[in-house]
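Participant: This is query27.cif, which holds mmCIF, C-alpha atoms:
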```cif
data_coords
#
loop_
_atom_site.label_atom_id
_atom_site.label_comp_id
_atom_site.auth_asym_id
_atom_site.auth_seq_id
_atom_site.Cartn_x
_atom_site.Cartn_y
_atom_site.Cartn_z
CA MET X 2 -36.49 -5.71 -5.26
CA LYS X 3 -34.63 -4.24 -2.28
CA ALA X 4 -31.65 -2.11 -3.23
CA ASP X 5 -28.19 -3.29 -2.12
CA LEU X 6 -27.00 -1.62 1.04
CA PRO X 7 -23.76 0.35 0.95
CA ALA X 8 -20.77 -1.68 2.14
CA GLU X 9 -20.39 0.46 5.26
CA CYS X 10 -23.91 -0.49 6.33
CA SER X 11 -23.40 -4.23 5.96
CA ALA X 12 -19.74 -5.03 6.70
CA VAL X 13 -17.12 -4.62 9.38
CA PRO X 14 -14.20 -2.48 8.17
CA VAL X 15 -11.04 -4.36 7.27
CA ILE X 16 -9.05 -1.25 8.22
CA GLU X 17 -10.22 1.41 10.64
CA VAL X 18 -7.93 4.35 11.41
CA GLN X 19 -9.01 6.96 13.95
CA ASP X 20 -7.32 10.28 14.86
CA LEU X 21 -3.87 8.99 13.89
CA VAL X 22 -0.94 11.28 14.70
CA LYS X 23 2.76 10.67 14.10
CA GLU X 24 5.51 13.11 15.03
CA PHE X 25 9.20 12.97 14.21
CA HIS X 26 11.33 15.23 16.41
CA GLY X 27 8.48 17.67 16.92
CA ARG X 28 7.35 17.70 13.28
CA VAL X 29 3.85 16.35 12.67
CA VAL X 30 3.85 13.96 9.71
CA THR X 31 0.46 12.28 10.13
CA ASN X 32 -2.08 14.73 11.50
CA GLY X 33 -5.38 13.39 12.84
CA VAL X 34 -6.00 10.91 10.01
CA SER X 35 -9.27 8.92 10.16
CA PHE X 36 -10.74 6.59 7.53
CA LYS X 37 -12.22 3.12 6.99
CA VAL X 38 -11.62 0.51 4.31
CA TYR X 39 -14.32 -2.10 3.68
CA PRO X 40 -14.07 -5.63 2.25
CA GLY X 41 -13.38 -5.65 -1.48
CA ASP X 42 -12.30 -2.01 -1.62
CA THR X 43 -9.14 -0.73 -3.26
CA MET X 44 -8.30 2.36 -1.24
CA ILE X 45 -5.81 4.76 -2.81
CA ILE X 46 -3.63 6.96 -0.59
CA MET X 47 -2.17 9.82 -2.61
CA GLY X 48 -0.56 13.21 -2.14
CA GLY X 49 2.56 15.23 -2.85
CA SER X 50 6.08 14.27 -1.81
CA GLY X 51 6.54 14.51 1.94
CA CYS X 52 2.83 14.43 2.75
CA GLY X 53 3.17 11.30 4.90
CA LYS X 54 1.80 8.55 2.63
CA SER X 55 4.46 5.96 3.33
CA THR X 56 4.64 6.85 7.01
CA LEU X 57 0.90 6.28 7.22
CA LEU X 58 1.29 2.89 5.53
CA ARG X 59 4.09 1.86 7.88
CA GLN X 60 1.93 2.70 10.87
CA ILE X 61 -0.97 0.62 9.54
CA ILE X 62 1.20 -2.47 8.99
CA GLY X 63 2.69 -2.08 12.45
CA SER X 64 6.30 -1.27 11.56
CA VAL X 65 6.07 2.28 12.98
CA LYS X 66 4.29 3.15 16.22
CA PRO X 67 1.95 6.17 16.04
CA THR X 68 2.32 9.02 18.49
CA SER X 69 -1.39 8.74 19.21
CA GLY X 70 -4.58 7.39 17.71
CA SER X 71 -6.11 4.03 16.87
CA ILE X 72 -5.49 1.46 14.12
CA LYS X 73 -7.75 -1.56 13.79
CA LEU X 74 -7.12 -4.38 11.33
CA PHE X 75 -9.90 -6.96 10.98
CA GLY X 76 -11.54 -5.33 14.01
CA GLU X 77 -8.46 -5.74 16.26
CA GLU X 78 -6.58 -2.79 17.76
CA ILE X 79 -2.94 -3.28 16.71
CA THR X 80 -1.26 -0.31 18.41
CA THR X 81 -1.27 -2.13 21.76
CA LEU X 82 -0.19 -5.57 20.50
CA ASN X 83 3.17 -7.12 21.30
CA GLU X 84 5.28 -8.67 18.52
CA PRO X 85 3.90 -12.25 18.75
CA GLU X 86 0.34 -10.90 18.73
CA LEU X 87 1.11 -8.58 15.82
CA ALA X 88 2.70 -11.46 13.91
CA LYS X 89 -0.64 -13.30 13.97
CA VAL X 90 -2.39 -10.31 12.43
CA ARG X 91 0.36 -9.93 9.81
CA ARG X 92 -0.29 -13.45 8.57
CA ARG X 93 -3.61 -12.16 7.30
CA PHE X 94 -2.10 -9.48 5.04
CA GLY X 95 0.61 -9.17 2.42
CA VAL X 96 2.87 -6.22 1.63
CA LEU X 97 4.29 -5.21 -1.74
CA PHE X 98 7.16 -2.86 -0.92
CA GLN X 99 8.13 0.03 -3.18
CA SER X 100 11.53 -1.44 -4.06
CA GLY X 101 10.21 -5.00 -4.23
CA ALA X 102 12.68 -5.91 -1.45
CA LEU X 103 13.67 -9.20 -3.09
CA LEU X 104 16.73 -10.99 -1.72
CA GLN X 105 19.28 -10.95 -4.51
CA SER X 106 21.07 -14.08 -3.28
CA LEU X 107 17.91 -16.18 -3.60
CA THR X 108 16.13 -17.39 -6.71
CA VAL X 109 12.70 -16.14 -7.72
CA GLY X 110 11.12 -19.29 -6.31
CA GLU X 111 13.04 -19.06 -3.04
CA ASN X 112 11.94 -15.45 -2.58
CA VAL X 113 8.29 -16.39 -3.01
CA ALA X 114 8.72 -19.37 -0.68
CA LEU X 115 10.12 -17.30 2.20
CA PRO X 116 6.83 -16.35 3.92
CA ILE X 117 5.48 -19.88 3.45
CA LEU X 118 8.53 -21.42 5.11
CA GLU X 119 8.52 -18.82 7.88
CA HIS X 120 4.83 -18.98 8.79
CA SER X 121 3.78 -22.56 8.02
CA ALA X 122 4.97 -26.13 8.50
CA VAL X 123 3.97 -27.70 5.18
CA ASP X 124 6.07 -30.27 3.29
CA ASP X 125 8.63 -29.08 0.76
CA SER X 126 6.55 -30.54 -2.09
CA ILE X 127 3.57 -28.41 -0.99
CA VAL X 128 5.76 -25.31 -0.75
CA GLU X 129 6.99 -25.93 -4.31
CA LEU X 130 3.41 -26.28 -5.54
CA MET X 131 2.31 -23.09 -3.76
CA VAL X 132 5.23 -21.16 -5.26
CA LYS X 133 4.35 -22.33 -8.77
CA MET X 134 0.70 -21.35 -8.23
CA LYS X 135 1.61 -17.83 -7.08
CA LEU X 136 4.03 -17.30 -9.96
CA GLU X 137 1.39 -18.54 -12.40
CA LEU X 138 -1.03 -16.02 -10.90
CA VAL X 139 1.33 -13.16 -11.83
CA GLY X 140 2.26 -14.61 -15.22
CA LEU X 141 5.76 -15.86 -14.36
CA THR X 142 5.49 -19.62 -14.80
CA GLY X 143 8.90 -21.19 -15.35
CA PHE X 144 10.99 -18.41 -13.81
CA GLU X 145 11.50 -20.13 -10.43
CA ASP X 146 15.23 -20.78 -10.85
CA LEU X 147 16.30 -17.32 -12.03
CA LYS X 148 17.84 -14.71 -9.73
CA PRO X 149 16.23 -11.25 -9.42
CA ALA X 150 19.18 -9.71 -11.30
CA GLU X 151 18.37 -11.92 -14.29
CA ILE X 152 14.85 -10.58 -14.85
CA SER X 153 13.43 -7.16 -15.73
CA GLY X 154 12.21 -4.52 -13.28
CA GLY X 155 8.59 -5.22 -14.14
CA MET X 156 9.08 -8.92 -13.57
CA ARG X 157 10.73 -8.24 -10.21
CA LYS X 158 7.64 -6.26 -9.21
CA ARG X 159 5.47 -9.24 -10.12
CA VAL X 160 7.71 -11.61 -8.15
CA ALA X 161 7.35 -9.30 -5.14
CA LEU X 162 3.58 -9.36 -5.65
CA ALA X 163 3.63 -13.17 -5.80
CA ARG X 164 5.54 -13.22 -2.51
CA ALA X 165 3.02 -10.82 -0.94
CA LEU X 166 0.27 -13.25 -1.98
CA ALA X 167 2.09 -16.38 -0.83
CA LEU X 168 -0.10 -16.96 2.23
CA ASP X 169 -3.39 -16.07 0.50
CA PRO X 170 -3.87 -12.84 2.47
CA GLU X 171 -7.24 -11.16 2.95
CA LEU X 172 -5.63 -7.74 2.65
CA LEU X 173 -2.89 -6.42 0.35
CA PHE X 174 -0.79 -3.33 1.03
CA SER X 175 1.09 -1.86 -1.96
CA ASP X 176 3.63 0.96 -1.69
CA GLU X 177 4.14 2.61 -5.10
CA PRO X 178 3.52 -0.68 -6.98
CA THR X 179 4.07 0.88 -10.43
CA SER X 180 7.04 3.11 -9.58
CA GLY X 181 9.68 2.88 -12.32
CA LEU X 182 7.54 0.82 -14.67
CA ASP X 183 6.70 1.66 -18.28
CA PRO X 184 3.04 2.27 -19.20
CA VAL X 185 2.48 -1.27 -20.48
CA MET X 186 3.93 -2.93 -17.39
CA THR X 187 1.99 -0.47 -15.20
CA ALA X 188 -1.20 -1.65 -16.89
CA VAL X 189 -0.19 -5.29 -16.25
CA VAL X 190 0.36 -4.68 -12.54
CA ASP X 191 -2.89 -2.70 -12.33
CA LYS X 192 -4.82 -5.54 -13.97
CA LEU X 193 -3.34 -8.00 -11.49
CA THR X 194 -4.51 -5.80 -8.62
CA GLN X 195 -7.98 -5.51 -10.14
CA ASP X 196 -8.21 -9.27 -10.65
CA LEU X 197 -7.18 -9.95 -7.07
CA THR X 198 -9.74 -7.60 -5.56
CA ARG X 199 -12.64 -8.15 -7.97
CA LYS X 200 -12.28 -11.88 -8.67
CA LEU X 201 -10.77 -13.11 -5.40
CA GLY X 202 -12.52 -10.69 -3.05
CA MET X 203 -9.30 -9.30 -1.60
CA THR X 204 -9.12 -5.82 -0.05
CA ALA X 205 -6.25 -3.51 -1.02
CA LEU X 206 -4.66 -0.30 0.20
CA VAL X 207 -2.37 1.28 -2.38
CA VAL X 208 0.00 4.21 -1.82
CA THR X 209 0.77 5.87 -5.15
CA HIS X 210 1.53 9.10 -6.95
CA ASP X 211 0.66 7.54 -10.34
CA MET X 212 -2.71 9.12 -11.11
CA THR X 213 -3.39 7.01 -14.20
CA SER X 214 -2.97 3.87 -12.11
CA ALA X 215 -4.87 5.31 -9.15
CA PHE X 216 -7.97 6.18 -11.16
CA ARG X 217 -7.83 2.84 -12.98
CA ILE X 218 -7.83 0.58 -9.91
CA GLY X 219 -9.22 2.67 -7.04
CA THR X 220 -12.71 2.29 -5.62
CA ARG X 221 -12.10 5.01 -3.03
CA MET X 222 -9.36 7.61 -2.59
CA ILE X 223 -7.76 9.70 0.12
CA ALA X 224 -5.58 12.74 -0.57
CA LEU X 225 -3.12 13.94 2.07
CA GLY X 226 -2.09 17.59 2.21
CA THR X 227 1.30 19.25 2.49
CA GLY X 228 2.46 22.64 3.75
CA SER X 229 -0.09 24.08 6.16
CA GLN X 230 -2.23 20.96 5.59
CA GLN X 231 0.67 18.57 6.26
CA GLY X 232 -0.45 15.02 6.93
CA LYS X 233 -4.16 15.85 7.02
CA ILE X 234 -6.82 14.28 4.84
CA ILE X 235 -7.91 17.06 2.50
CA ALA X 236 -10.18 14.94 0.30
CA GLU X 237 -11.84 11.53 0.43
CA GLY X 238 -14.28 9.88 -1.95
CA THR X 239 -14.76 7.81 -5.06
CA PRO X 240 -12.53 8.47 -8.09
CA ALA X 241 -15.36 10.47 -9.66
CA GLU X 242 -15.77 12.58 -6.53
CA ILE X 243 -12.03 13.20 -6.25
CA SER X 244 -11.75 14.18 -9.92
CA ARG X 245 -14.16 17.08 -9.36
CA HIS X 246 -13.08 17.95 -5.81
CA PRO X 247 -12.88 21.75 -5.34
CA ASP X 248 -9.68 21.82 -3.27
CA PRO X 249 -6.91 23.48 -5.37
CA MET X 250 -4.23 21.22 -3.87
CA VAL X 251 -6.16 18.13 -4.93
CA GLN X 252 -6.68 19.44 -8.44
CA GLN X 253 -3.03 20.43 -8.80
CA PHE X 254 -1.90 16.98 -7.78
CA ILE X 255 -4.26 14.89 -9.93
CA LYS X 256 -3.60 17.10 -12.97
CA GLY X 257 0.16 17.20 -12.39
CA GLU X 258 0.41 20.97 -12.68
CA ALA X 259 3.53 22.93 -11.66
CA ASP X 260 1.60 25.99 -10.44
CA GLY X 261 -0.57 25.72 -7.37
CA PRO X 262 -0.63 25.52 -3.57
CA ILE X 263 1.60 22.42 -3.21
CA PRO X 264 5.03 23.54 -1.93
CA LEU X 265 7.66 22.73 -4.53
CA ARG X 266 10.71 23.36 -2.37
CA LEU X 267 11.84 22.14 1.01
CA SER X 268 12.93 24.52 3.69
CA LYS X 269 16.56 24.28 4.72
CA GLY X 270 15.52 22.55 7.94
CA ASP X 271 13.40 19.95 6.14
CA TYR X 272 16.18 19.32 3.65
CA LEU X 273 18.71 18.68 6.43
CA LYS X 274 16.27 16.36 8.22
CA ARG X 275 15.78 14.24 5.12
CA LEU X 276 19.51 14.27 4.39
CA MET X 277 20.17 12.86 7.85
CA GLY X 278 17.37 10.30 7.51
CA VAL X 279 15.25 11.76 10.30
CA GLU X 280 12.14 11.13 8.28
CA ALA X 281 11.22 9.14 5.22
CA ASN X 282 7.61 9.93 4.56
CA SER X 283 7.25 9.96 0.81
#
```
Using structure tokens, write down the structure that the file contains.
Facilitator:
Amino acid sequence: MKADLPAECSAVPVIEVQDLVKEFHGRVVTNGVSFKVYPGDTMIIMGGSGCGKSTLLRQIIGSVKPTSGSIKLFGEEITTLNEPELAKVRRRFGVLFQSGALLQSLTVGENVALPILEHSAVDDSIVELMVKMKLELVGLTGFEDLKPAEISGGMRKRVALARALALDPELLFSDEPTSGLDPVMTAVVDKLTQDLTRKLGMTALVVTHDMTSAFRIGTRMIALGTGSQQGKIIAEGTPAEISRHPDPMVQQFIKGEADGPIPLRLSKGDYLKRLMGVEANS
């Protein structure tokens, strides 16, 4: 029997990033980043605070323009697209934001319905059915009429995930999906991500500093450096390869150790920049 070919030999990348650079006021945040994500992968982007994880994510979804470099989603270069063209690509992916970004004035069901109403022209009865299906997928059947303030933080994360899945995307972006959750709820969100990718064939890119979650759901991982390695990929591989990677910065981060090469303090200049909102690249 012929052995299965590696994914990179048999599939077109869902995400292809090449030589990506982003500068804020002369400070390089993303520094020559290149990687590919293949269908069915869950790619983890990790690294210390200020390494550029979230800035990298925002560039890939098209909300921040890179200084230079290439970003292809589904084989299409997005850095040169105008807003209507980019909107067509965005219909093919969903985004779970770090804060959840739910609208507090709307009910749970109305929040999930937003992308359906914005990007499709289906009847109200179909919208209602789609909302119920997405909430059932994340284990929140019957919560349609509650407001976000009336449910727990973990439930709000799941509502945000249901909204990200509203249009049946091929690709899911998650920014710190387990931030602020207890270990049990973290495991619930992780299992949802695993089910989506393994059972439904979805591809995912997850930005996280939660190493337990990262090693539980990731199929491949990228570590970004800080300090002299700011915004550069310092390690890439499977979870097993990353766990034994020789780079001291990688080992310090995955083990959560205080002592090591990762800078623990900001310079006065960096502190002032963050205070003024010049950069937000957690």
Participant: Using only C-alpha atoms, find each residue of segment 162-222 of chain X with at least one atom at most 8 Å away from an atom of segment 45-55 of chain X; report its shortest atom-to-atom pair and that distance in Å (one decimal), sort the rows by chain and rising residue number, and return the result as a tab-separated table.
Facilitator:
```
residue	atom	partner	partner_atom	distance
X:Asp176	CA	X:Ser55	CA	7.1
X:Leu206	CA	X:Ile45	CA	6.0
X:Val207	CA	X:Ile45	CA	4.9
X:Val208	CA	X:Ile46	CA	4.7
X:Thr209	CA	X:Met47	CA	5.5
X:His210	CA	X:Met47	CA	5.7
X:Ala215	CA	X:Ile45	CA	6.4
X:Gly219	CA	X:Ile45	CA	5.8
X:Thr220	CA	X:Ile45	CA	7.8
X:Arg221	CA	X:Ile45	CA	6.3
X:Met222	CA	X:Ile45	CA	4.6
```
Participant: One number please: atom CA of Val15 of chain X to atom CA of Phe75 of chain X, in Å, one decimal.
Facilitator: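 Between these atoms lies a distance of 4.7 Å.
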Participant: Mind telling me what the PyMOL selection byres ((chain X and resi 233-245) around 10) catches here, as a ChimeraX atom specification?
Facilitator: /X:21-22,29-36,44-48,52-53,215-227,229-232,246-248,250-252,255-256
Participant: Can I get the residues of segment 123-188 of chain X within 8 Å of segment 91-104 of chain X, each with the closest pair of atoms and their distance in Å to one decimal, using all atoms listed in the file, sorted chain first then ascending number, as JSON lines?
Facilitator:
```
{"residue": "X:Pro149", "atom": "CA", "partner": "X:Leu103", "partner_atom": "CA", "distance": 7.1}
{"residue": "X:Arg157", "atom": "CA", "partner": "X:Gly101", "partner_atom": "CA", "distance": 6.8}
{"residue": "X:Lys158", "atom": "CA", "partner": "X:Gly101", "partner_atom": "CA", "distance": 5.7}
{"residue": "X:Ala161", "atom": "CA", "partner": "X:Gly101", "partner_atom": "CA", "distance": 5.2}
{"residue": "X:Leu162", "atom": "CA", "partner": "X:Leu97", "partner_atom": "CA", "distance": 5.7}
{"residue": "X:Ala165", "atom": "CA", "partner": "X:Gly95", "partner_atom": "CA", "distance": 4.5}
{"residue": "X:Leu166", "atom": "CA", "partner": "X:Gly95", "partner_atom": "CA", "distance": 6.0}
{"residue": "X:Leu168", "atom": "CA", "partner": "X:Arg92", "partner_atom": "CA", "distance": 7.2}
{"residue": "X:Asp169", "atom": "CA", "partner": "X:Arg93", "partner_atom": "CA", "distance": 7.8}
{"residue": "X:Pro170", "atom": "CA", "partner": "X:Phe94", "partner_atom": "CA", "distance": 4.6}
{"residue": "X:Glu171", "atom": "CA", "partner": "X:Arg93", "partner_atom": "CA", "distance": 5.8}
{"residue": "X:Leu172", "atom": "CA", "partner": "X:Phe94", "partner_atom": "CA", "distance": 4.6}
{"residue": "X:Leu173", "atom": "CA", "partner": "X:Gly95", "partner_atom": "CA", "distance": 4.9}
{"residue": "X:Phe174", "atom": "CA", "partner": "X:Val96", "partner_atom": "CA", "distance": 4.7}
{"residue": "X:Ser175", "atom": "CA", "partner": "X:Leu97", "partner_atom": "CA", "distance": 4.6}
{"residue": "X:Asp176", "atom": "CA", "partner": "X:Gln99", "partner_atom": "CA", "distance": 4.8}
{"residue": "X:Glu177", "atom": "CA", "partner": "X:Gln99", "partner_atom": "CA", "distance": 5.1}
{"residue": "X:Pro178", "atom": "CA", "partner": "X:Gln99", "partner_atom": "CA", "distance": 6.0}
{"residue": "X:Ser180", "atom": "CA", "partner": "X:Gln99", "partner_atom": "CA", "distance": 7.2}
```
Participant: Please measure the separation of atom CA of Glu86 of chain X and atom CA of Pro14 of chain X, giving the value in Å to one decimal.
Facilitator: 19.8 Å
Participant: When you draw a straight line from atom CA of Ala12 of chain X to atom CA of Gln195 of chain X, how long is it in Å?
Facilitator: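 One can read the atom CA of Ala12 of chain X to atom CA of Gln195 of chain X distance as 20.5 Å.
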